[in-house]
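Q: Just so it is clear, I am handing over target_26.txt, which has compact mmCIF, C-alpha atoms.
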# COMPACT_ATOMS: atom_id res chain seq x y z
CA MET V 121 -0.18 12.29 -17.24
CA ASN V 122 -3.80 12.92 -17.92
CA ILE V 123 -6.59 13.42 -15.42
CA TYR V 124 -7.41 9.71 -15.30
CA ASP V 125 -3.95 8.87 -13.99
CA ILE V 126 -4.10 11.61 -11.37
CA ILE V 127 -7.48 10.44 -10.09
CA PHE V 128 -6.28 6.85 -10.08
CA TYR V 129 -3.27 7.73 -7.95
CA LEU V 130 -5.47 9.75 -5.61
CA PHE V 131 -7.91 6.90 -5.03
CA ALA V 132 -5.12 4.37 -4.78
CA ALA V 133 -3.41 6.50 -2.12
CA ILE V 134 -6.67 6.87 -0.17
CA THR V 135 -7.27 3.12 -0.28
CA ILE V 136 -3.77 1.96 0.66
CA VAL V 137 -3.13 4.54 3.37
CA SER V 138 -6.52 3.91 4.96
CA ALA V 139 -6.00 0.14 4.83
CA PHE V 140 -2.61 0.57 6.47
CA PHE V 141 -4.18 2.54 9.28
CA VAL V 142 -6.94 -0.03 9.66
CA VAL V 143 -4.46 -2.75 10.51
CA THR V 144 -2.00 -0.72 12.59
CA ASN V 145 -4.23 1.42 14.77
CA ARG V 146 -4.73 0.55 18.43
CA ASN V 147 -8.20 1.99 18.72
CA ILE V 148 -10.93 -0.20 17.21
CA VAL V 149 -13.37 2.63 16.44
CA HIS V 150 -10.62 4.51 14.62
CA SER V 151 -9.89 1.37 12.63
CA ALA V 152 -13.57 1.13 11.69
CA PHE V 153 -13.51 4.71 10.38
CA TYR V 154 -10.35 4.09 8.39
CA LEU V 155 -12.12 1.05 6.96
CA LEU V 156 -14.87 3.42 5.85
CA PHE V 157 -12.31 5.47 3.90
CA THR V 158 -10.89 2.28 2.42
CA PHE V 159 -14.32 1.30 1.14
CA PHE V 160 -14.77 4.74 -0.41
CA GLY V 161 -11.39 4.45 -2.12
CA VAL V 162 -12.24 1.01 -3.46
CA ALA V 163 -15.57 2.34 -4.80
CA GLY V 164 -13.62 5.08 -6.59
CA ILE V 165 -11.35 2.44 -8.14
CA TYR V 166 -14.43 0.56 -9.34
CA VAL V 167 -15.71 3.70 -11.06
CA LEU V 168 -12.30 4.15 -12.71
CA LEU V 169 -12.63 0.61 -14.04
CA GLY V 170 -16.00 1.34 -15.60
CA ALA V 171 -18.02 -0.58 -12.98
CA ASP V 172 -20.37 2.13 -11.80
CA PHE V 173 -23.18 -0.15 -10.63
CA VAL V 174 -20.83 -2.27 -8.55
CA ALA V 175 -19.36 0.89 -7.03
CA ILE V 176 -22.76 2.08 -5.83
CA VAL V 177 -23.65 -1.39 -4.56
CA GLN V 178 -20.33 -1.43 -2.71
CA LEU V 179 -21.17 1.89 -1.05
CA ILE V 180 -24.66 0.79 -0.09
CA VAL V 181 -23.85 -2.72 1.13
CA TYR V 182 -20.36 -2.33 2.55
CA VAL V 183 -20.47 1.16 4.01
CA GLY V 184 -24.14 1.27 4.83
CA GLY V 185 -24.50 -2.32 5.97
CA ILE V 186 -21.36 -4.19 6.93
CA LEU V 187 -19.50 -1.27 8.48
CA ILE V 188 -22.49 -0.32 10.63
CA LEU V 189 -22.75 -3.96 11.68
CA MET V 190 -19.08 -3.97 12.65
CA ILE V 191 -19.45 -0.82 14.70
CA PHE V 192 -22.39 -2.51 16.43
CA GLY V 193 -20.12 -5.48 17.08
CA VAL V 194 -17.41 -3.26 18.53
CA MET V 195 -19.82 -1.39 20.77
CA LEU V 196 -21.53 -4.53 22.03
CA THR V 197 -18.39 -6.56 22.74
CA ASN V 198 -16.26 -4.12 24.66
CA LYS V 199 -16.71 -2.56 28.03
CA ILE V 200 -17.11 0.99 26.87
CA THR V 201 -17.09 2.46 30.35
CA ASN V 202 -13.47 3.32 29.70
CA VAL V 203 -13.45 5.90 26.95
CA ASN V 204 -10.72 4.66 24.66
CA ILE V 205 -11.04 1.08 23.44
CA ARG V 206 -7.53 -0.22 22.96
CA THR V 207 -6.67 -3.52 21.47
CA GLY V 208 -3.44 -5.39 21.35
CA THR V 209 -1.45 -7.02 18.63
CA VAL V 210 0.55 -10.22 18.55
CA GLN V 211 3.91 -10.82 16.92
CA ILE V 212 4.14 -7.90 14.55
CA ILE V 213 7.71 -8.52 13.30
CA PRO V 214 7.39 -12.14 12.07
CA ALA V 215 4.00 -11.34 10.55
CA ALA V 216 5.43 -8.31 8.74
CA ILE V 217 8.31 -10.35 7.35
CA ALA V 218 6.03 -13.15 6.18
CA VAL V 219 3.51 -10.76 4.64
CA ALA V 220 6.29 -8.82 2.88
CA ALA V 221 7.67 -12.05 1.45
CA PHE V 222 4.20 -13.06 0.25
CA PHE V 223 3.71 -9.62 -1.28
CA TYR V 224 7.02 -9.95 -3.13
CA LEU V 225 5.88 -13.35 -4.41
CA LEU V 226 2.56 -11.93 -5.63
CA ILE V 227 4.18 -8.96 -7.35
CA SER V 228 6.84 -11.05 -9.07
CA THR V 229 4.16 -13.47 -10.28
CA LEU V 230 1.93 -10.80 -11.72
CA PHE V 231 4.73 -8.89 -13.40
CA ASN V 232 6.19 -12.01 -14.96
CA THR V 233 2.90 -13.24 -16.41
CA GLY V 234 2.06 -12.14 -19.90
CA TRP V 235 -1.50 -10.99 -19.43
CA LYS V 236 -3.30 -11.04 -22.73
CA SER V 237 -5.10 -7.82 -21.99
CA VAL V 238 -7.20 -5.97 -24.51
CA VAL V 239 -6.94 -2.23 -24.88
CA ALA V 240 -9.51 -0.80 -22.52
CA GLY V 241 -12.02 1.70 -23.76
CA ASN V 242 -14.99 -0.40 -24.71
CA ASP V 243 -17.07 0.06 -21.59
CA LEU V 244 -20.45 -1.56 -21.88
CA PRO V 245 -23.45 -0.01 -20.16
CA THR V 246 -23.50 -1.87 -16.89
CA THR V 247 -26.85 -1.72 -15.16
CA HIS V 248 -29.00 -2.98 -18.01
CA ASN V 249 -26.55 -5.70 -19.00
CA LEU V 250 -25.99 -6.88 -15.43
CA GLY V 251 -29.75 -7.07 -14.90
CA MET V 252 -30.26 -9.06 -18.07
CA MET V 253 -27.42 -11.43 -17.20
CA LEU V 254 -28.82 -12.00 -13.73
CA ILE V 255 -32.21 -12.97 -15.10
CA GLN V 256 -31.17 -14.92 -18.18
CA GLN V 257 -27.86 -16.71 -17.73
CA TYR V 258 -27.28 -16.53 -13.99
CA ALA V 259 -30.85 -17.04 -12.83
CA VAL V 260 -30.00 -20.10 -10.72
CA VAL V 261 -27.18 -18.24 -8.97
CA PHE V 262 -29.52 -15.33 -8.34
CA GLU V 263 -32.12 -17.55 -6.68
CA LEU V 264 -29.48 -19.39 -4.69
CA LEU V 265 -28.11 -16.08 -3.42
CA GLY V 266 -31.60 -15.17 -2.27
CA VAL V 267 -31.88 -18.44 -0.38
CA LEU V 268 -28.42 -17.91 1.10
CA LEU V 269 -29.31 -14.45 2.32
CA LEU V 270 -32.48 -15.85 3.88
CA ILE V 271 -30.45 -18.53 5.68
CA ALA V 272 -27.93 -15.94 6.86
CA LEU V 273 -30.71 -13.69 8.14
CA ILE V 274 -32.46 -16.46 10.06
CA GLY V 275 -29.17 -17.85 11.38
CA ALA V 276 -27.75 -14.55 12.55
CA ALA V 277 -31.02 -13.44 14.14
CA SER V 278 -31.54 -16.71 16.00
CA MET V 279 -27.92 -16.88 17.13
CA ALA V 280 -27.75 -13.34 18.41
CA ARG V 281 -31.04 -13.66 20.22
CA ARG V 282 -29.96 -16.30 22.72
CA MET Z 479 5.48 6.92 -16.07
CA THR Z 480 3.35 4.73 -18.29
CA HIS Z 481 -0.37 5.07 -18.50
CA ILE Z 482 -2.53 3.18 -16.04
CA GLY Z 483 -2.86 -0.40 -17.19
CA LEU Z 484 -3.92 -3.74 -15.79
CA ASN Z 485 -0.76 -4.09 -13.68
CA HIS Z 486 -1.48 -0.98 -11.63
CA PHE Z 487 -4.81 -2.34 -10.48
CA LEU Z 488 -3.29 -5.73 -9.72
CA VAL Z 489 -0.61 -4.08 -7.58
CA ILE Z 490 -3.32 -2.21 -5.64
CA SER Z 491 -5.19 -5.45 -5.14
CA SER Z 492 -2.05 -7.28 -3.95
CA LEU Z 493 -1.25 -4.49 -1.49
CA LEU Z 494 -4.77 -4.60 -0.08
CA PHE Z 495 -4.59 -8.38 0.19
CA CYS Z 496 -1.30 -8.29 2.07
CA LEU Z 497 -2.53 -5.55 4.41
CA GLY Z 498 -5.67 -7.56 5.12
CA LEU Z 499 -3.58 -10.66 5.74
CA PHE Z 500 -1.39 -8.70 8.15
CA GLY Z 501 -4.53 -7.53 9.96
CA ILE Z 502 -5.89 -11.07 10.26
CA VAL Z 503 -2.63 -12.48 11.57
CA THR Z 504 -1.62 -9.81 14.07
CA ARG Z 505 -4.83 -8.55 15.62
CA LYS Z 506 -6.22 -9.98 18.84
CA ASN Z 507 -9.73 -8.61 18.79
CA ALA Z 508 -12.21 -10.72 16.79
CA VAL Z 509 -13.86 -7.70 15.14
CA MET Z 510 -10.42 -6.55 13.94
CA VAL Z 511 -9.90 -9.96 12.34
CA LEU Z 512 -13.25 -9.48 10.57
CA MET Z 513 -12.05 -6.13 9.26
CA GLY Z 514 -8.98 -7.84 7.83
CA ILE Z 515 -11.23 -10.40 6.13
CA GLU Z 516 -13.24 -7.59 4.55
CA LEU Z 517 -10.02 -6.06 3.20
CA VAL Z 518 -9.07 -9.39 1.62
CA LEU Z 519 -12.51 -9.72 0.00
CA ASN Z 520 -12.28 -6.20 -1.38
CA SER Z 521 -8.90 -6.95 -2.93
CA ALA Z 522 -10.34 -10.01 -4.68
CA ASN Z 523 -13.19 -7.83 -5.95
CA ILE Z 524 -10.77 -5.31 -7.44
CA ASN Z 525 -9.09 -8.21 -9.21
CA PHE Z 526 -12.37 -9.43 -10.67
CA ILE Z 527 -13.39 -6.02 -11.95
CA ALA Z 528 -9.93 -5.22 -13.35
CA PHE Z 529 -9.99 -8.40 -15.38
CA ALA Z 530 -13.57 -7.70 -16.44
CA ARG Z 531 -12.34 -4.51 -18.01
CA TYR Z 532 -8.94 -5.55 -19.35
CA GLY Z 533 -9.83 -9.09 -20.34
CA ASN Z 534 -12.37 -10.15 -22.89
CA PHE Z 535 -15.09 -11.35 -20.58
CA GLY Z 536 -17.88 -8.85 -21.06
CA LEU Z 537 -19.44 -8.04 -17.73
CA GLN Z 538 -19.06 -11.39 -16.02
CA GLY Z 539 -16.30 -10.10 -13.75
CA GLN Z 540 -18.58 -7.39 -12.43
CA LEU Z 541 -21.32 -9.93 -11.83
CA MET Z 542 -18.86 -12.08 -9.90
CA ALA Z 543 -17.92 -9.01 -7.84
CA LEU Z 544 -21.60 -8.50 -7.00
CA PHE Z 545 -21.81 -12.09 -5.81
CA VAL Z 546 -18.69 -11.60 -3.67
CA ILE Z 547 -20.26 -8.49 -2.08
CA VAL Z 548 -23.42 -10.44 -1.26
CA LEU Z 549 -21.43 -13.31 0.26
CA ALA Z 550 -19.30 -10.89 2.28
CA ALA Z 551 -22.43 -9.31 3.74
CA ALA Z 552 -23.89 -12.69 4.73
CA GLU Z 553 -20.57 -13.81 6.22
CA ALA Z 554 -20.12 -10.59 8.19
CA ALA Z 555 -23.58 -10.93 9.70
CA ILE Z 556 -23.05 -14.53 10.79
CA ALA Z 557 -19.52 -13.85 12.06
CA LEU Z 558 -20.70 -10.94 14.19
CA ALA Z 559 -23.52 -13.05 15.63
CA ILE Z 560 -20.90 -15.63 16.60
CA VAL Z 561 -18.71 -12.92 18.12
CA LEU Z 562 -21.65 -11.68 20.18
CA ASN Z 563 -22.24 -15.20 21.49
CA ILE Z 564 -18.55 -15.57 22.34
CA TYR Z 565 -18.68 -12.32 24.26
CA LYS Z 566 -21.72 -13.56 26.16
CA THR Z 567 -19.89 -16.75 27.16
CA PHE Z 568 -16.37 -15.52 27.83
CA SER Z 569 -16.79 -11.74 28.44
CA ASN Z 570 -13.80 -11.36 26.15
CA VAL Z 571 -13.30 -11.34 22.40
CA ASN Z 572 -9.54 -11.76 22.21
CA VAL Z 573 -8.97 -14.65 19.86
CA ASP Z 574 -5.98 -15.98 21.74
CA GLU Z 575 -7.79 -16.24 25.08
CA ILE Z 576 -10.71 -18.32 23.83
CA ASP Z 577 -9.06 -21.69 24.10
CA THR Z 578 -11.19 -23.80 26.42
CA LEU Z 579 -11.60 -26.49 23.75
CA ARG Z 580 -7.87 -27.10 23.86
CA ASP Z 581 -6.53 -29.48 26.41
Hey, can you dump this file as structure tokens for me?

A:
Amino acid sequence: MNIYDIIFYLFAAITIVSAFFVVTNRNIVHSAFYLLFTFFGVAGIYVLLGADFVAIVQLIVYVGGILILMIFGVMLTNKITNVNIRTGTVQIIPAAIAVAAFFYLLISTLFNTGWKSVVAGNDLPTTHNLGMMLIQQYAVVFELLGVLLLIALIGAASMARR
Amino acid sequence: MTHIGLNHFLVISSLLFCLGLFGIVTRKNAVMVLMGIELVLNSANINFIAFARYGNFGLQGQLMALFVIVLAAAEAAIALAIVLNIYKTFSNVNVDEIDTLRD
């Protein structure tokens, strides 16, 4: 049980417990803050997998962008004159049974598949190689993502302005 | 207990996916459904990066995860603009009370 395993279990616990509280909490703002902790846990898991650049991008884009946008959405779509914003749930028991069955299916599939996995330990330097791949092999995807972000920006701004 | 391998990360990703799915199915508020969708996208990202490390793919899994993050950001922006418009029309963002197209 070396330090890597301990840190993995710590980040896995942060992620799963926070995600559980995201989906079972009645208060929307509390759920948004538990989602923040989930994103931090997932960024820690990315670092443990040797993806440091993706972890920082996750923190910047998800925590600093999408989460703030969701809190904006919560604040603008609820009558916040009452202090606590409660929300309801529908049909917890059938959903829990179905999701548990699907989880059992997923776990049995992944444990019964013989993954031809290599022994990890050959972590490439990420930032330089990702940059070179974006410009050389995935240049078309890169440009298309820029166009897609432009479309999303124009669409969201014009829709929310009406 | 064995050392941390590919299966541990896949179990984490499956748990996150099922929790996100539970959030999408049971929540009434539209922003809560969007939070469930973000959980599902994060679980797919963990899968991509786990296979980028434990497979033999170089860094293509991490690049795919970057694309997924970009798409999630664009989708969250558009979805929240739609939710704002729904709130303007119905004064309500419960997904089971917005059913005026149904007859």

Q: Taking only C-alpha atoms into account, name the residue in Z:Tyr565, Z:Ser521, Z:Ser491, Z:Ala559 that is nearest to Asn507 in chain Z.

A: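 Going through Z:Tyr565, Z:Ser521, Z:Ser491, Z:Ala559 one by one, the smallest distance to Asn507 in chain Z is for Z:Tyr565.
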
Q: Go through V:Ala163, V:Ile212, V:Val137, V:Leu225 one by one, measure the shortest atom-to-atom distance of each to chain Z using only C-alpha atoms, and give the residue with the smallest value.

A: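 So, comparing all the options, the nearest one is V:Ile212.
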
Q: Please determine, counting only C-alpha atoms, which residue among Z:Asn570, Z:Val509, Z:Ile576, Z:Gly536 has the shortest atom-to-atom distance to Phe192 in chain V.

A: Z:Val509

Q: Just checking: using all atoms listed in the file, which residue out of V:Ile148, V:Val181, V:Leu156, V:Val167 ends up closest to Phe128 in chain V?

A: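 Closest to Phe128 in chain V of all the choices is V:Val167.
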
Q: Residues of chain Z were defined as contacting chain V if any atom lay at most 8 Å from it, counting all atoms listed in the file; please report them as a ChimeraX atom specification.

A: /Z:479,481-482,484-485,488-490,492-494,496-501,503-507,509-510,513-514,517,520,524,527-528,531-534,536-537,540-541,543-545,547-548,551-556,558-563,565,569-571

Q: Hey, can you check how far CA of Leu512 in chain Z sits from CA of Ala557 in chain Z?

A: 7.8 Å

Q: Quick one: distance from CA of Ile515 in chain Z to CA of Ile127 in chain V in Å, one decimal?

A: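 CA of Ile127 in chain V lies 26.7 Å from CA of Ile515 in chain Z.
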
Q: Please indicate the distance in Å from CA of Val573 in chain Z to CA of Met195 in chain V, rounded to one decimal place.

A: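 Atom-to-atom, CA of Val573 in chain Z to CA of Met195 in chain V, that is 17.2 Å.
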
Q: Where atoms are missing, can you supply N, CA and C atoms for range 518-531 of chain Z and output the lot as an mmCIF file, in the frame of the given file?

A:
data_model
loop_
_atom_site.group_PDB
_atom_site.id
_atom_site.type_symbol
_atom_site.label_atom_id
_atom_site.label_comp_id
_atom_site.auth_asym_id
_atom_site.auth_seq_id
_atom_site.Cartn_x
_atom_site.Cartn_y
_atom_site.Cartn_z
ATOM 1 N N VAL Z 518 -9.459 -8.341 2.560
ATOM 2 C CA VAL Z 518 -9.070 -9.390 1.620
ATOM 3 C C VAL Z 518 -10.143 -9.573 0.553
ATOM 4 N N LEU Z 519 -11.423 -9.547 0.977
ATOM 5 C CA LEU Z 519 -12.510 -9.720 0.000
ATOM 6 C C LEU Z 519 -12.563 -8.550 -0.964
ATOM 7 N N ASN Z 520 -12.287 -7.342 -0.483
ATOM 8 C CA ASN Z 520 -12.280 -6.200 -1.380
ATOM 9 C C ASN Z 520 -11.156 -6.293 -2.394
ATOM 10 N N SER Z 521 -10.003 -6.826 -1.972
ATOM 11 C CA SER Z 521 -8.900 -6.950 -2.930
ATOM 12 C C SER Z 521 -9.250 -7.953 -4.024
ATOM 13 N N ALA Z 522 -9.920 -9.043 -3.658
ATOM 14 C CA ALA Z 522 -10.340 -10.010 -4.680
ATOM 15 C C ALA Z 522 -11.355 -9.381 -5.631
ATOM 16 N N ASN Z 523 -12.223 -8.514 -5.102
ATOM 17 C CA ASN Z 523 -13.190 -7.830 -5.950
ATOM 18 C C ASN Z 523 -12.528 -6.914 -6.955
ATOM 19 N N ILE Z 524 -11.482 -6.183 -6.502
ATOM 20 C CA ILE Z 524 -10.770 -5.310 -7.440
ATOM 21 C C ILE Z 524 -10.154 -6.137 -8.553
ATOM 22 N N ASN Z 525 -9.647 -7.317 -8.196
ATOM 23 C CA ASN Z 525 -9.090 -8.210 -9.210
ATOM 24 C C ASN Z 525 -10.127 -8.612 -10.240
ATOM 25 N N PHE Z 526 -11.307 -9.007 -9.759
ATOM 26 C CA PHE Z 526 -12.370 -9.430 -10.670
ATOM 27 C C PHE Z 526 -12.750 -8.306 -11.633
ATOM 28 N N ILE Z 527 -12.901 -7.110 -11.099
ATOM 29 C CA ILE Z 527 -13.390 -6.020 -11.950
ATOM 30 C C ILE Z 527 -12.283 -5.532 -12.882
ATOM 31 N N ALA Z 528 -11.023 -5.597 -12.451
ATOM 32 C CA ALA Z 528 -9.930 -5.220 -13.350
ATOM 33 C C ALA Z 528 -9.848 -6.167 -14.526
ATOM 34 N N PHE Z 529 -10.021 -7.471 -14.261
ATOM 35 C CA PHE Z 529 -9.990 -8.400 -15.380
ATOM 36 C C PHE Z 529 -11.255 -8.333 -16.213
ATOM 37 N N ALA Z 530 -12.365 -7.883 -15.626
ATOM 38 C CA ALA Z 530 -13.570 -7.700 -16.440
ATOM 39 C C ALA Z 530 -13.371 -6.593 -17.443
ATOM 40 N N ARG Z 531 -12.554 -5.600 -17.076
ATOM 41 C CA ARG Z 531 -12.340 -4.510 -18.010
ATOM 42 C C ARG Z 531 -11.231 -4.834 -18.992
#
